[in-house]
Amino acid sequence: MRLLTLRTETATGTGKDTVAVRQDGETLTEIPGFADVGALLADPAWEQKAKAANGATHALDGADLAAVVPAPGKIICVGHNYRNHIKEMGRDIPEYPTLFAKYQESLIGPNDDLALPQESDTVDWEAELAVIIGKKGRRIAEADAADHIAGYAVLNDVSMRDYQFRTIQWLQGKTWENSTPFGPALVTKDEFTAGPLMTSAVDGEIQQSTPTGDLVFTPEFLVSYISTIITLNPGDVIATGTPGGVGHAQDPKRYLQEGQLLVTTIEGLGQLNNRVVKEA
């Protein structure tokens, strides 16, 4: 099952509302009573209600999609989780996950413009597999972790490298507003297992290309490890790290420029298509 958050016109035509939808081929079917996928996941019967939904329908082609979970309670990101990226950044294979956070203001939809901030000219791409939590848990055993995963989506942890490396703490380079495309859909875990190819491309030129199965720390391990520290709730997001091929590690270094198209793809999950623009 594929679940998305659709933007719709308000009744007055003066703004946008959102609604959770189920994708049926080229049709999106509304799941009545739920403003977005995050709100849906908060209902313990979310899966049954999503399957049974028969609300208004919309065409997938041209749909205005929001971030699949627009306002997660937590976005926990993992650094140094692909061996080829660890090597290109000159690091050692970690014994434990490197964790940092993002905030919901950083999220944008799968086809939204990606804003270049006025303060940084070192904006870099980082394709990532996102894990979306579907069941609350604390100190979850790794063997039970799959039961707490609702599904998976595509995310790009776009990073402002100059701010990231101002200090040994990365957060300031990782959570700029309107910088993190996320979606297009939550694909439920029965339809996806980490392994398929993930790529990022800038103006059609492939920059990253690595199977998602090459993670140092698996989604199940990350759910268990993070839940040792803090309770994971439905709708929380874990961004599992990026592979080699980031612009900052190239010689010469390469960064996103106004007008470029950043495309992030994971086979079986979908694609993000984000035009790079100057921040208004």
# chains A, B, ... in the order shown; residues from 1 in each chain; ligands from 1
call {"tool": "closest_atom_pairs", "arguments": {"of": "segment 37-90 of chain A", "to": "segment 245-269 of chain A", "cutoff": "9 Å", "atoms": "only C-alpha atoms", "output": "CSV"}}
result
residue,atom,partner,partner_atom,distance
A:Asn84,CA,A:Gly245,CA,8.4
A:His85,CA,A:Gly245,CA,7.1
A:Glu88,CA,A:Ala249,CA,6.1
A:Met89,CA,A:Ala249,CA,6.4
call {"tool": "select_by_dssp", "arguments": {"residues": "segment 102-196 of chain A", "states": "strand (DSSP E)", "output": "MDAnalysis selection string"}}
result
chainID A and resid 102 107:108 114:116 123:124 127:133 149:156 159:160 180:188
call {"tool": "closest_residue", "arguments": {"among": "A:Asp36, A:Asp214, A:Glu26, A:Glu177", "to": "Leu129 of chain A", "atoms": "only C-alpha atoms"}}
result
A:Asp214
call {"tool": "residues_around", "arguments": {"residues": "Phe221 of chain A", "least_positions_apart": "3", "cutoff": "9 Å", "atoms": "only C-alpha atoms", "output": "list in words"}}
result
Ala141, Glu142, Ala143, Ala145, Phe217, Thr218, Ser224, Tyr225 and Ile226 of chain A
call {"tool": "write_last_selection", "arguments": {"atoms": "N, CA, C and O atoms", "output": "PDB file, in the first residue's frame"}}
result
ATOM      1  N   ALA A 141      13.215  -4.377  21.143  1.00  0.00           N
ATOM      2  CA  ALA A 141      14.213  -5.373  20.752  1.00  0.00           C
ATOM      3  C   ALA A 141      14.374  -5.352  19.235  1.00  0.00           C
ATOM      4  O   ALA A 141      13.405  -5.149  18.495  1.00  0.00           O
ATOM      5  N   GLU A 142      15.604  -5.564  18.767  1.00  0.00           N
ATOM      6  CA  GLU A 142      15.836  -5.553  17.325  1.00  0.00           C
ATOM      7  C   GLU A 142      14.949  -6.579  16.618  1.00  0.00           C
ATOM      8  O   GLU A 142      14.445  -6.329  15.515  1.00  0.00           O
ATOM      9  N   ALA A 143      14.726  -7.719  17.257  1.00  0.00           N
ATOM     10  CA  ALA A 143      13.893  -8.765  16.658  1.00  0.00           C
ATOM     11  C   ALA A 143      12.439  -8.324  16.507  1.00  0.00           C
ATOM     12  O   ALA A 143      11.700  -8.878  15.681  1.00  0.00           O
ATOM     13  N   ALA A 145      11.602  -4.991  16.016  1.00  0.00           N
ATOM     14  CA  ALA A 145      11.592  -3.638  15.454  1.00  0.00           C
ATOM     15  C   ALA A 145      10.711  -3.518  14.225  1.00  0.00           C
ATOM     16  O   ALA A 145      10.046  -2.491  14.014  1.00  0.00           O
ATOM     17  N   PHE A 217      24.247   0.135   9.639  1.00  0.00           N
ATOM     18  CA  PHE A 217      23.236  -0.140  10.654  1.00  0.00           C
ATOM     19  C   PHE A 217      21.878  -0.240   9.970  1.00  0.00           C
ATOM     20  O   PHE A 217      21.426   0.703   9.319  1.00  0.00           O
ATOM     21  N   THR A 218      21.210  -1.377  10.101  1.00  0.00           N
ATOM     22  CA  THR A 218      19.951  -1.626   9.419  1.00  0.00           C
ATOM     23  C   THR A 218      18.811  -0.817  10.030  1.00  0.00           C
ATOM     24  O   THR A 218      18.916  -0.335  11.169  1.00  0.00           O
ATOM     25  N   SER A 224      15.697  -0.092  17.186  1.00  0.00           N
ATOM     26  CA  SER A 224      16.002  -0.608  18.512  1.00  0.00           C
ATOM     27  C   SER A 224      16.924   0.344  19.266  1.00  0.00           C
ATOM     28  O   SER A 224      16.670   0.688  20.429  1.00  0.00           O
ATOM     29  N   TYR A 225      17.985   0.788  18.616  1.00  0.00           N
ATOM     30  CA  TYR A 225      18.982   1.644  19.268  1.00  0.00           C
ATOM     31  C   TYR A 225      18.385   2.982  19.697  1.00  0.00           C
ATOM     32  O   TYR A 225      18.553   3.420  20.845  1.00  0.00           O
ATOM     33  N   ILE A 226      17.661   3.624  18.775  1.00  0.00           N
ATOM     34  CA  ILE A 226      17.103   4.945  19.076  1.00  0.00           C
ATOM     35  C   ILE A 226      16.024   4.840  20.150  1.00  0.00           C
ATOM     36  O   ILE A 226      15.917   5.704  21.036  1.00  0.00           O
TER      37      ILE A 226
END
call {"tool": "closest_residue", "arguments": {"among": "A:Pro94, A:Pro211, A:Gly73, A:Gly79", "to": "Ile230 of chain A", "atoms": "only C-alpha atoms"}}
result
A:Gly73
call {"tool": "residues_around", "arguments": {"residues": "segment 134-139 of chain A", "least_positions_apart": "3", "cutoff": "8 Å", "atoms": "only C-alpha atoms", "output": "JSON, numbers by chain"}}
result
{"A": [41, 42, 44, 147, 148, 149, 150, 151, 224, 225, 227, 228, 229, 230, 231, 232, 233, 234, 235]}
